[in-house]
>>> print(open('target_25.tsv').read())   # TSV, C-alpha atoms (C1' of nucleotides)
chain	number	residue	atom	x	y	z
T	26	MET	CA	28.98	12.91	-29.85
T	27	LEU	CA	29.84	11.10	-33.01
T	28	LEU	CA	27.14	9.67	-35.24
T	29	ILE	CA	27.51	7.07	-37.94
T	30	PHE	CA	24.72	6.71	-40.45
T	31	GLY	CA	24.36	4.85	-43.72
T	32	PRO	CA	22.42	2.18	-45.51
T	33	THR	CA	22.46	-1.35	-44.29
T	34	VAL	CA	25.55	-3.43	-45.11
T	35	THR	CA	28.02	-0.55	-45.16
T	36	GLY	CA	29.80	-1.83	-42.06
T	37	LYS	CA	28.66	0.91	-39.70
T	38	THR	CA	28.92	-1.17	-36.56
T	39	ALA	CA	32.35	-2.54	-37.35
T	40	LEU	CA	33.57	0.97	-37.95
T	41	ALA	CA	31.99	2.19	-34.73
T	42	ILE	CA	33.67	-0.56	-32.73
T	43	ASP	CA	36.95	0.35	-34.28
T	44	ILE	CA	36.57	4.01	-33.40
T	45	ALA	CA	35.31	3.18	-29.92
T	46	LYS	CA	38.50	1.24	-29.26
T	47	LYS	CA	40.70	4.09	-30.39
T	48	LEU	CA	38.81	6.94	-28.78
T	49	ASN	CA	37.53	5.24	-25.64
T	50	GLY	CA	33.92	5.21	-26.64
T	51	GLU	CA	30.64	3.42	-26.08
T	52	ILE	CA	28.06	2.78	-28.76
T	53	ILE	CA	24.37	3.57	-28.88
T	54	SER	CA	22.41	1.84	-31.59
T	55	ALA	CA	19.93	4.01	-33.50
T	56	ASP	CA	17.94	1.25	-35.07
T	57	SER	CA	14.19	0.99	-34.81
T	58	ARG	CA	14.19	-2.81	-35.03
T	59	GLN	CA	17.17	-3.75	-32.90
T	60	VAL	CA	15.36	-2.46	-29.84
T	61	TYR	CA	13.29	-5.65	-29.75
T	62	LYS	CA	14.37	-8.68	-27.80
T	63	GLY	CA	14.77	-11.85	-29.80
T	64	LEU	CA	15.08	-10.12	-33.14
T	65	ASP	CA	18.77	-10.82	-33.55
T	66	ILE	CA	19.57	-12.40	-36.88
T	67	GLY	CA	17.01	-10.54	-38.98
T	68	THR	CA	18.07	-7.18	-37.61
T	69	GLY	CA	21.74	-7.89	-37.97
T	70	LYS	CA	22.42	-7.53	-34.25
T	71	VAL	CA	24.67	-10.56	-34.38
T	72	SER	CA	27.52	-10.57	-36.81
T	73	PHE	CA	28.58	-14.24	-36.42
T	74	ASP	CA	32.28	-13.58	-36.53
T	75	THR	CA	32.64	-11.14	-33.65
T	76	PRO	CA	32.54	-12.34	-30.04
T	77	SER	CA	29.59	-10.84	-28.19
T	78	GLN	CA	27.79	-11.23	-24.87
T	79	LYS	CA	24.31	-10.11	-23.96
T	80	HIS	CA	23.88	-8.28	-20.67
T	81	SER	CA	20.78	-6.66	-19.34
T	82	GLY	CA	20.74	-3.14	-20.74
T	83	TYR	CA	23.61	-3.53	-23.15
T	84	TRP	CA	25.68	-5.95	-25.20
T	85	ILE	CA	29.41	-6.24	-25.28
T	86	VAL	CA	30.67	-6.81	-28.79
T	87	ASP	CA	34.34	-7.27	-29.39
T	88	GLY	CA	34.97	-5.70	-26.01
T	89	ILE	CA	32.85	-2.60	-26.67
T	90	LYS	CA	29.60	-1.72	-24.97
T	91	ILE	CA	26.59	-1.31	-27.22
T	92	HIS	CA	23.45	0.26	-25.79
T	93	GLY	CA	20.04	0.23	-27.34
T	94	PHE	CA	19.55	-3.45	-28.05
T	95	ASP	CA	16.74	-5.43	-26.42
T	96	LEU	CA	14.94	-2.48	-24.92
T	97	VAL	CA	11.42	-3.89	-25.24
T	98	GLU	CA	9.56	-7.14	-25.82
T	99	PRO	CA	8.41	-8.01	-29.33
T	100	GLY	CA	4.89	-6.79	-29.92
T	101	GLN	CA	5.35	-3.68	-27.82
T	102	ASN	CA	5.34	-0.19	-29.18
T	103	PHE	CA	8.53	1.75	-29.48
T	104	THR	CA	8.58	5.16	-31.06
T	105	ALA	CA	11.03	7.83	-32.07
T	106	ALA	CA	10.15	9.67	-28.87
T	107	ASP	CA	11.11	6.63	-26.80
T	108	PHE	CA	14.37	6.47	-28.66
T	109	LEU	CA	15.08	10.12	-28.10
T	110	LYS	CA	14.55	9.77	-24.36
T	111	PHE	CA	16.63	6.65	-24.14
T	112	ALA	CA	19.46	7.91	-26.28
T	113	SER	CA	19.80	11.29	-24.62
T	114	THR	CA	19.97	9.89	-21.10
T	115	THR	CA	22.39	7.17	-22.13
T	116	MET	CA	24.51	9.69	-23.92
T	117	ARG	CA	24.71	11.84	-20.87
T	118	GLN	CA	25.78	8.88	-18.76
T	119	ILE	CA	28.51	7.93	-21.18
T	120	HIS	CA	29.72	11.48	-21.29
T	121	GLN	CA	29.77	11.70	-17.52
T	122	ILE	CA	32.14	8.78	-17.16
T	123	GLY	CA	34.46	10.53	-19.57
T	124	LYS	CA	33.81	8.40	-22.59
T	125	LEU	CA	32.78	9.27	-26.11
T	126	PRO	CA	29.21	8.42	-27.13
T	127	ILE	CA	29.05	7.00	-30.63
T	128	ILE	CA	25.59	6.71	-32.15
T	129	VAL	CA	25.31	4.18	-34.94
T	130	GLY	CA	22.29	3.27	-36.92
T	131	GLY	CA	20.34	3.06	-40.10
T	132	THR	CA	17.16	4.69	-38.89
T	133	GLY	CA	17.42	8.12	-40.42
T	134	PHE	CA	14.49	9.48	-38.52
T	135	TYR	CA	16.11	8.62	-35.19
T	136	ILE	CA	19.31	10.38	-36.15
T	137	LYS	CA	17.28	13.36	-37.26
T	138	ALA	CA	15.39	13.32	-33.97
T	139	LEU	CA	18.65	13.32	-32.03
T	140	THR	CA	20.27	16.13	-33.94
T	141	SER	CA	17.23	18.35	-34.49
T	142	GLY	CA	14.86	17.36	-31.73
T	143	ILE	CA	11.16	16.67	-32.05
T	144	LYS	CA	8.86	19.61	-31.47
T	145	SER	CA	5.86	17.59	-30.45
T	146	ILE	CA	7.82	15.35	-28.12
T	147	GLY	CA	5.50	15.81	-25.16
T	148	ILE	CA	2.29	15.08	-26.99
T	149	PRO	CA	1.26	11.51	-26.34
T	150	LYS	CA	-0.81	9.43	-28.65
T	151	ASP	CA	-4.53	9.40	-28.21
T	152	GLN	CA	-5.78	5.91	-28.81
T	153	LYS	CA	-9.45	6.84	-28.86
T	154	LEU	CA	-8.95	9.67	-31.28
T	155	ARG	CA	-6.81	7.49	-33.51
T	156	ARG	CA	-9.38	4.75	-33.68
T	157	LYS	CA	-11.97	7.26	-34.74
T	158	LEU	CA	-9.73	8.88	-37.32
T	159	GLU	CA	-8.53	5.64	-38.82
T	160	LYS	CA	-11.92	5.10	-40.38
T	161	LEU	CA	-11.83	8.35	-42.32
T	162	SER	CA	-10.53	8.92	-45.82
T	163	THR	CA	-7.41	10.97	-46.34
T	164	GLN	CA	-9.48	13.78	-47.85
T	165	ASN	CA	-11.60	13.85	-44.77
T	166	LEU	CA	-8.60	13.85	-42.51
T	167	TYR	CA	-7.08	16.70	-44.40
T	168	GLN	CA	-10.27	18.72	-44.10
T	169	GLN	CA	-10.20	18.26	-40.35
T	170	LEU	CA	-6.60	19.35	-40.14
T	171	LEU	CA	-7.42	22.44	-42.16
T	172	LYS	CA	-9.98	23.42	-39.57
T	173	LEU	CA	-7.76	22.65	-36.61
T	174	ASP	CA	-4.43	24.05	-37.73
T	175	LEU	CA	-4.36	25.93	-40.98
T	176	SER	CA	-0.66	26.59	-41.13
T	177	ARG	CA	0.26	22.98	-40.39
T	178	ALA	CA	-2.22	21.82	-43.01
T	179	LYS	CA	-0.68	24.12	-45.57
T	180	SER	CA	2.82	22.99	-44.77
T	181	ILE	CA	2.01	19.38	-45.51
T	182	ASN	CA	3.18	18.34	-48.95
T	183	GLU	CA	1.27	16.49	-51.66
T	184	SER	CA	2.47	13.06	-50.70
T	185	ASP	CA	1.79	13.38	-46.98
T	186	ARG	CA	-1.61	14.80	-47.72
T	187	GLN	CA	-2.50	11.27	-48.71
T	188	ASN	CA	-0.69	9.60	-45.88
T	189	PRO	CA	-3.21	8.67	-43.19
T	190	ARG	CA	-0.57	7.97	-40.57
T	191	ARG	CA	0.99	11.39	-40.77
T	192	LEU	CA	-2.34	13.17	-41.09
T	193	ILE	CA	-3.65	11.45	-37.99
T	194	ARG	CA	-0.63	12.44	-35.95
T	195	ALA	CA	-0.91	16.02	-37.20
T	196	ILE	CA	-4.55	16.12	-36.08
T	197	GLU	CA	-3.58	14.57	-32.77
T	198	ILE	CA	-1.03	17.30	-32.20
T	199	ALA	CA	-3.40	20.02	-33.31
T	200	THR	CA	-6.16	18.79	-31.01
T	201	TYR	CA	-3.78	18.56	-28.11
T	202	LYS	CA	-2.41	22.04	-28.64
T	203	LYS	CA	-5.89	23.41	-28.69
T	204	TYR	CA	-6.56	22.15	-25.21
T	205	GLN	CA	-3.20	22.18	-23.54
T	206	GLY	CA	-1.15	24.85	-25.21
T	207	ASN	CA	2.28	24.35	-26.67
T	208	THR	CA	4.80	21.83	-25.51
T	209	LYS	CA	8.46	22.15	-24.94
T	210	TYR	CA	11.05	20.38	-26.94
T	211	LYS	CA	14.71	19.95	-26.53
T	212	ILE	CA	17.60	20.02	-28.89
T	213	LEU	CA	20.85	18.52	-27.76
T	214	ASN	CA	23.58	21.04	-28.05
T	215	THR	CA	26.73	19.02	-28.16
T	216	LYS	CA	29.39	19.24	-30.78
T	217	TYR	CA	28.50	16.50	-33.13
T	218	LEU	CA	29.75	15.05	-36.37
T	219	ILE	CA	27.85	12.68	-38.61
T	220	ILE	CA	29.79	10.19	-40.65
T	221	GLY	CA	27.81	8.94	-43.61
T	222	LEU	CA	28.80	5.69	-45.24
T	223	THR	CA	27.68	4.98	-48.77
T	224	ALA	CA	28.55	3.24	-52.05
T	225	PRO	CA	26.99	2.81	-55.49
T	226	ASN	CA	23.75	0.86	-55.49
T	227	ALA	CA	25.05	-2.14	-57.38
T	228	TYR	CA	27.86	-2.51	-54.87
T	229	LEU	CA	25.54	-2.38	-51.89
T	230	TYR	CA	22.97	-4.68	-53.51
T	231	GLN	CA	25.65	-7.28	-53.99
T	232	ARG	CA	26.76	-7.09	-50.39
T	233	ALA	CA	23.20	-7.15	-49.16
T	234	ASP	CA	22.46	-10.27	-51.18
T	235	ASN	CA	25.46	-12.07	-49.75
T	236	TRP	CA	24.61	-11.02	-46.24
T	237	LEU	CA	21.06	-12.27	-46.76
T	238	ASP	CA	22.31	-15.67	-47.89
T	239	GLN	CA	24.57	-15.92	-44.92
T	240	ARG	CA	21.86	-15.16	-42.46
T	241	LEU	CA	19.54	-17.64	-44.16
T	242	GLN	CA	22.08	-20.33	-43.43
T	243	LYS	CA	22.41	-19.15	-39.85
T	244	GLY	CA	18.76	-19.67	-39.05
T	245	MET	CA	17.00	-16.45	-39.89
T	246	ILE	CA	13.77	-18.25	-40.73
T	247	ASP	CA	13.87	-20.25	-37.51
T	248	GLU	CA	14.16	-17.04	-35.58
T	249	VAL	CA	10.85	-15.85	-37.03
T	250	LYS	CA	9.33	-19.28	-36.47
T	251	ASN	CA	10.28	-19.10	-32.81
T	252	LEU	CA	8.67	-15.74	-32.43
T	253	LEU	CA	5.46	-17.02	-33.98
T	254	GLU	CA	5.52	-20.03	-31.68
T	255	LYS	CA	5.88	-17.69	-28.74
T	256	LYS	CA	2.64	-16.12	-29.89
T	257	VAL	CA	4.08	-12.89	-31.18
T	258	ASN	CA	1.33	-11.37	-33.30
T	259	PRO	CA	1.93	-12.15	-37.00
T	260	LYS	CA	0.41	-8.85	-37.98
T	261	TRP	CA	2.89	-7.04	-35.81
T	262	LEU	CA	5.75	-8.99	-37.36
T	263	ASP	CA	4.43	-8.22	-40.82
T	264	GLY	CA	4.36	-4.55	-39.94
T	265	LEU	CA	8.06	-4.56	-39.16
T	266	GLY	CA	8.83	-5.05	-42.82
T	267	LEU	CA	11.77	-6.82	-44.47
T	268	GLU	CA	12.86	-10.13	-42.91
T	269	TYR	CA	10.05	-10.31	-40.38
T	270	ARG	CA	7.40	-9.43	-42.92
T	271	TRP	CA	8.41	-11.89	-45.62
T	272	TRP	CA	9.30	-14.84	-43.43
T	273	THR	CA	6.06	-14.41	-41.53
T	274	ARG	CA	4.14	-14.49	-44.80
T	275	TYR	CA	6.03	-17.60	-45.79
T	276	LEU	CA	5.58	-19.35	-42.45
T	277	THR	CA	1.87	-18.60	-42.31
T	278	GLY	CA	1.46	-20.10	-45.76
T	279	GLN	CA	0.67	-16.96	-47.68
T	280	ILE	CA	3.49	-17.36	-50.16
T	281	LYS	CA	6.19	-19.77	-51.22
T	282	LYS	CA	9.68	-19.65	-49.87
T	283	TYR	CA	11.38	-18.56	-53.07
T	284	GLN	CA	8.84	-15.79	-53.48
T	285	ALA	CA	9.43	-14.54	-49.97
T	286	ARG	CA	13.13	-14.55	-50.62
T	287	GLU	CA	12.81	-12.60	-53.86
T	288	ARG	CA	10.50	-10.02	-52.39
T	289	LEU	CA	12.72	-9.65	-49.38
T	290	ARG	CA	15.70	-9.12	-51.56
T	291	GLY	CA	13.86	-6.42	-53.50
T	292	ASP	CA	12.69	-4.73	-50.32
T	293	ILE	CA	16.21	-4.67	-48.95
T	294	HIS	CA	17.37	-2.94	-52.13
T	295	ASN	CA	14.55	-0.45	-51.75
T	296	PHE	CA	15.48	0.09	-48.18
T	297	ILE	CA	19.06	0.85	-49.15
T	298	ARG	CA	17.91	3.48	-51.62
T	299	HIS	CA	15.49	4.90	-49.11
T	300	GLN	CA	18.21	5.23	-46.49
T	301	LYS	CA	20.38	7.12	-48.92
T	302	THR	CA	17.73	9.80	-49.32
T	303	TRP	CA	18.36	10.79	-45.69
T	304	PHE	CA	21.85	12.04	-46.39
T	305	LYS	CA	20.62	15.39	-47.58
T	306	GLN	CA	18.56	15.87	-44.44
T	307	PHE	CA	21.60	16.16	-42.24
T	308	GLU	CA	23.96	18.97	-41.47
T	309	ASN	CA	27.53	18.39	-40.33
T	310	ILE	CA	27.72	15.21	-42.32
T	311	SER	CA	30.80	13.86	-44.04
T	312	ILE	CA	30.06	11.15	-46.54
T	313	PHE	CA	32.48	8.40	-47.48
T	314	ASP	CA	32.21	5.95	-50.35
T	315	ILE	CA	33.28	2.60	-48.95
T	316	SER	CA	33.81	1.12	-52.40
T	317	LYS	CA	36.75	3.47	-52.89
T	318	PRO	CA	40.12	2.29	-51.66
T	319	ASP	CA	41.23	5.39	-49.75
T	320	TRP	CA	38.13	6.23	-47.77
T	321	ARG	CA	39.57	5.13	-44.43
T	322	HIS	CA	42.41	7.60	-44.66
T	323	GLN	CA	40.13	10.50	-45.36
T	324	LEU	CA	37.83	9.39	-42.59
T	325	GLU	CA	40.64	9.34	-40.04
T	326	LYS	CA	41.60	12.85	-40.94
T	327	THR	CA	38.02	14.07	-40.60
T	328	ILE	CA	37.61	12.38	-37.25
T	329	LYS	CA	40.87	13.69	-35.92
T	330	ASP	CA	39.98	17.28	-36.79
T	331	TRP	CA	36.60	16.95	-35.20
T	332	TYR	CA	37.89	15.14	-32.14
T	333	ASP	CA	40.34	17.89	-31.25
T	334	THR	CA	37.59	20.49	-30.94
T	335	TYR	CA	35.27	18.02	-29.33
T	336	ARG	CA	37.74	17.26	-26.54
T	337	GLN	CA	38.02	20.89	-25.62
T	338	TRP	CA	34.28	21.18	-25.49
T	339	ALA	CA	33.97	17.99	-23.45
T	340	LYS	CA	36.48	19.21	-20.87
T	341	LYS	CA	34.57	22.41	-20.32
T	342	SER	CA	31.21	20.77	-20.06
T	343	ASN	CA	32.45	17.98	-17.85
T	344	PRO	CA	34.70	19.57	-15.20
T	345	SER	CA	34.46	16.58	-12.87
T	346	GLU	CA	36.61	14.60	-15.27
J	9	G	C1'	5.22	-40.77	-83.56
J	10	G	C1'	-0.03	-39.16	-81.63
J	11	C	C1'	-2.93	-35.96	-78.40
J	12	C	C1'	-3.39	-31.79	-74.99
J	13	U	C1'	-1.90	-27.08	-72.67
J	14	G	C1'	0.83	-22.80	-72.88
J	15	G	C1'	4.34	-19.03	-75.28
J	16	U	C1'	2.30	-11.01	-73.71
J	17	A	C1'	8.36	-5.92	-71.57
J	18	G	C1'	14.30	-7.96	-67.33
J	19	C	C1'	10.57	-11.39	-64.33
J	20	C	C1'	5.31	-12.76	-62.93
J	21	A	C1'	0.65	-11.95	-65.02
J	22	A	C1'	-4.73	-10.16	-67.00
J	23	G	C1'	-7.12	-9.63	-71.51
J	24	A	C1'	-10.19	-14.07	-75.79
J	25	G	C1'	-11.86	-9.42	-82.69
J	26	G	C1'	-11.88	-2.56	-82.07
J	27	C	C1'	-6.44	2.45	-79.19
J	28	A	C1'	-2.50	-3.93	-74.57
J	29	A	C1'	-4.89	-4.16	-66.77
J	30	G	C1'	-1.90	-4.92	-62.74
J	31	G	C1'	2.29	-6.58	-59.72
J	32	C	C1'	7.66	-7.24	-59.16
J	33	A	C1'	12.27	-5.35	-60.50
J	34	A	C1'	14.60	-0.26	-61.67
J	35	G	C1'	14.93	5.13	-60.49
J	36	G	C1'	13.15	9.68	-57.76
J	37	A	C1'	10.82	11.90	-53.41
J	38	U	C1'	8.24	13.15	-48.57
J	39	C	C1'	9.76	12.77	-43.53
J	40	U	C1'	9.20	16.34	-36.09
J	41	G	C1'	5.90	9.86	-31.73
J	42	C	C1'	4.34	3.26	-35.75
J	43	A	C1'	10.06	5.49	-39.99
J	44	A	C1'	12.82	-1.76	-42.05
J	45	A	C1'	6.52	1.75	-41.42
J	46	A	C1'	3.34	4.89	-44.18
J	47	U	C1'	2.62	7.95	-48.51
J	48	C	C1'	3.62	10.18	-53.41
J	49	C	C1'	5.99	10.50	-58.38
J	50	U	C1'	8.68	8.43	-62.85
J	51	U	C1'	9.70	4.42	-66.37
J	52	A	C1'	8.73	-0.03	-71.60
J	53	U	C1'	5.92	1.29	-79.82
J	54	A	C1'	5.91	-6.39	-74.73
J	55	C	C1'	1.57	-10.20	-77.47
J	56	G	C1'	7.38	-16.86	-80.32
J	57	U	C1'	7.79	-17.09	-86.04
J	58	C	C1'	5.53	-17.23	-91.01
J	59	G	C1'	1.16	-16.97	-93.75
J	60	G	C1'	-4.32	-16.48	-94.01
J	61	U	C1'	-9.53	-14.61	-92.71
J	62	U	C1'	-11.28	-9.53	-91.54
J	63	C	C1'	-12.47	-2.55	-92.43
J	64	G	C1'	-9.70	-4.15	-88.00
J	65	A	C1'	-6.25	-9.90	-84.79
J	66	A	C1'	-2.52	-10.72	-78.82
J	67	U	C1'	-7.44	-12.55	-79.50
J	68	C	C1'	-10.21	-16.61	-85.25
J	69	C	C1'	-7.80	-20.36	-89.04
J	70	G	C1'	-3.31	-23.01	-91.01
J	71	A	C1'	1.71	-24.09	-90.72
J	72	U	C1'	6.09	-23.85	-87.92
J	73	C	C1'	9.51	-23.40	-83.63
J	74	C	C1'	10.00	-23.67	-78.25
J	75	A	C1'	8.37	-25.35	-73.22
J	76	G	C1'	5.49	-28.50	-70.14
J	77	G	C1'	2.08	-32.64	-69.63
J	78	C	C1'	-0.35	-37.17	-71.22
J	79	C	C1'	-0.56	-41.54	-74.51
J	80	U	C1'	1.70	-45.46	-77.65
>>> encode(input="target_25.tsv", output="structure tokens")
Amino acid sequence: MLLIFGPTVTGKTALAIDIAKKLNGEIISADSRQVYKGLDIGTGKVSFDTPSQKHSGYWIVDGIKIHGFDLVEPGQNFTAADFLKFASTTMRQIHQIGKLPIIVGGTGFYIKALTSGIKSIGIPKDQKLRRKLEKLSTQNLYQQLLKLDLSRAKSINESDRQNPRRLIRAIEIATYKKYQGNTKYKILNTKYLIIGLTAPNAYLYQRADNWLDQRLQKGMIDEVKNLLEKKVNPKWLDGLGLEYRWWTRYLTGQIKKYQARERLRGDIHNFIRHQKTWFKQFENISIFDISKPDWRHQLEKTIKDWYDTYRQWAKKSNPSE
RNA sequence: GGCCUGGUAGCCAAGAGGCAAGGCAAGGAUCUGCAAAAUCCUUAUACGUCGGUUCGAAUCCGAUCCAGGCCU
């Protein structure tokens, strides 16, 4: 499989479509927000200048199939584990029909999950336990984890030690292990290559600002308004961050429009920086600076080299082809 | 022309005599089921100007400039 990762506004999808056309591929989106139905403009699912049709289960954009959009209703839960299940089965299907799966997305954690697996994949969440734990302080939570799983507790770094969300999950896992033993996890062993797209901050900020303006004109706020009118929980929308957070706060009268816009803009910049920190988490990644004129050439070379070995592997693992 | 209110870092903003809160922006980082979330770290000799009172003034007094408002 081929993966394309990078901060928002680097043109990942356009590149993926291009490659899919050349190498007979289908795309899987690795984006934690595009999985929701009706969140189209704010998540950048629609590009406005590329012809696209929605089908159940996939979209066709510029003639290429994209999987991973519209998987669940707004307000529902969708986790990295759900993504992993979805993406691995879809990948297998694409592979079986002799096509190349191309995973594209800005959710670093999902890419990481796909390439490295998730150890605790089989351990479900425990709503009762969570509700109990949510009332405790982080110090308290950490104490509990120390008792339950010393080595895990020690491996948690300073910042996560004060992160209730991560502490609660760690306790959840530790409690589960205690009663049910260890769980299996899977790592996909296909030949993969990650293409990382990047550029200097100022360059990306500029593009992000323009893209924001464009989507504002195309009805981004109305999209959020619609969701609220359909009784999607404002708290849930707020929790999504970025567009959905700030336009919800504006539409529910918490702040003024220009303030929402400014904060959104700042959060997008933050998000871009945050996404860049994922680069060093990945192996087999080739990074390209899209602000440089010759990046496409270098990219084609890299892909060609990788594709030759990939094809041999694919033939062996897919004899029915 | 007269009266009032305000001028604090790139932006917003608290403080109303005794070492100048905080937020945003900016830059790092963590990451194994909420990841566009959550959490952590870093960063500024900033009180419009000039004088005065005082041991000490962003805070009090006077003048002056700028902005906004009201009046004639």
>>> closest_residue(input="target_25.tsv", among="J:C27, J:A33, J:A17, J:C74", to="chain T", atoms="only C-alpha atoms (C1' of nucleotides)")
J:A33
>>> atom_distance(input="target_25.tsv", atom1="atom CA of His299 of chain T", atom2="atom CA of Lys216 of chain T")
27.1 Å
>>> residues_around(input="target_25.tsv", residues="Gln152 of chain T", least_positions_apart="4", cutoff="12 Å", atoms="all atoms listed in the file", output="number ranges by chain")
T: 156-159, 193-194, 197
>>> closest_atom_pairs(input="target_25.tsv", of="chain J", to="chain T", cutoff="10 Å", atoms="all atoms listed in the file", output="CSV")
residue,atom,partner,partner_atom,distance
J:C32,C1',T:Arg288,CA,7.9
J:A33,C1',T:Gly291,CA,7.3
J:A34,C1',T:Asn295,CA,9.9
J:G35,C1',T:Arg298,CA,9.5
J:G36,C1',T:Thr302,CA,9.6
J:A37,C1',T:Thr302,CA,8.3
J:U38,C1',T:Ser184,CA,6.2
J:C39,C1',T:Phe134,CA,7.6
J:U40,C1',T:Ile143,CA,4.5
J:G41,C1',T:Ala106,CA,5.1
J:C42,C1',T:Thr104,CA,6.6
J:A43,C1',T:Phe134,CA,6.1
J:A44,C1',T:Gly266,CA,5.2
J:A45,C1',T:Gly264,CA,6.8
J:A46,C1',T:Arg190,CA,6.1
J:U47,C1',T:Asn188,CA,4.5
J:C48,C1',T:Ser184,CA,4.1
J:C49,C1',T:Ser184,CA,8.8
>>> closest_residue(input="target_25.tsv", among="J:G10, J:G25, J:G30, J:G77", to="A65 of chain J", atoms="all atoms listed in the file")
J:G25
>>> closest_residue(input="target_25.tsv", among="T:Lys281, T:Arg240, T:Arg286, T:Lys250", to="Gly69 of chain T", atoms="all atoms listed in the file")
T:Arg240
>>> closest_residue(input="target_25.tsv", among="J:G26, J:G70, J:G18, J:G31", to="A54 of chain J", atoms="all atoms listed in the file")
J:G18
>>> atom_distance(input="target_25.tsv", atom1="atom CA of Trp84 of chain T", atom2="atom CA of Tyr61 of chain T")
13.2 Å
>>> closest_residue(input="target_25.tsv", among="J:U72, J:U80, J:U67, J:U16", to="C55 of chain J", atoms="only C-alpha atoms (C1' of nucleotides)")
J:U16
>>> atom_distance(input="target_25.tsv", atom1="atom CA of Gly123 of chain T", atom2="atom CA of Tyr332 of chain T")
13.8 Å
>>> closest_residue(input="target_25.tsv", among="T:Asp65, T:Gly130, T:Thr114, T:Leu324", to="Asp247 of chain T", atoms="all atoms listed in the file")
T:Asp65
>>> residues_around(input="target_25.tsv", residues="segment 222-237 of chain T", least_positions_apart="6", cutoff="8 Å", atoms="only C-alpha atoms (C1' of nucleotides)", output="count of residues only")
19
>>> residues_around(input="target_25.tsv", residues="Gly82 of chain T", least_positions_apart="6", cutoff="9 Å", atoms="only C-alpha atoms (C1' of nucleotides)", output="PDB file with C-alpha atoms, in the coordinates of the input")
ATOM      1  CA  ILE T  91      26.590  -1.310 -27.220  1.00  0.00           C
ATOM      2  CA  HIS T  92      23.450   0.260 -25.790  1.00  0.00           C
ATOM      3  CA  GLY T  93      20.040   0.230 -27.340  1.00  0.00           C
ATOM      4  CA  PHE T  94      19.550  -3.450 -28.050  1.00  0.00           C
ATOM      5  CA  ASP T  95      16.740  -5.430 -26.420  1.00  0.00           C
ATOM      6  CA  LEU T  96      14.940  -2.480 -24.920  1.00  0.00           C
TER       7      LEU T  96
END
>>> residues_around(input="target_25.tsv", residues="Asp43 of chain T", least_positions_apart="2", cutoff="12 Å", atoms="only C-alpha atoms (C1' of nucleotides)", output="ChimeraX atom specification")
/T:36-41,45-52,86-89,127,321,325
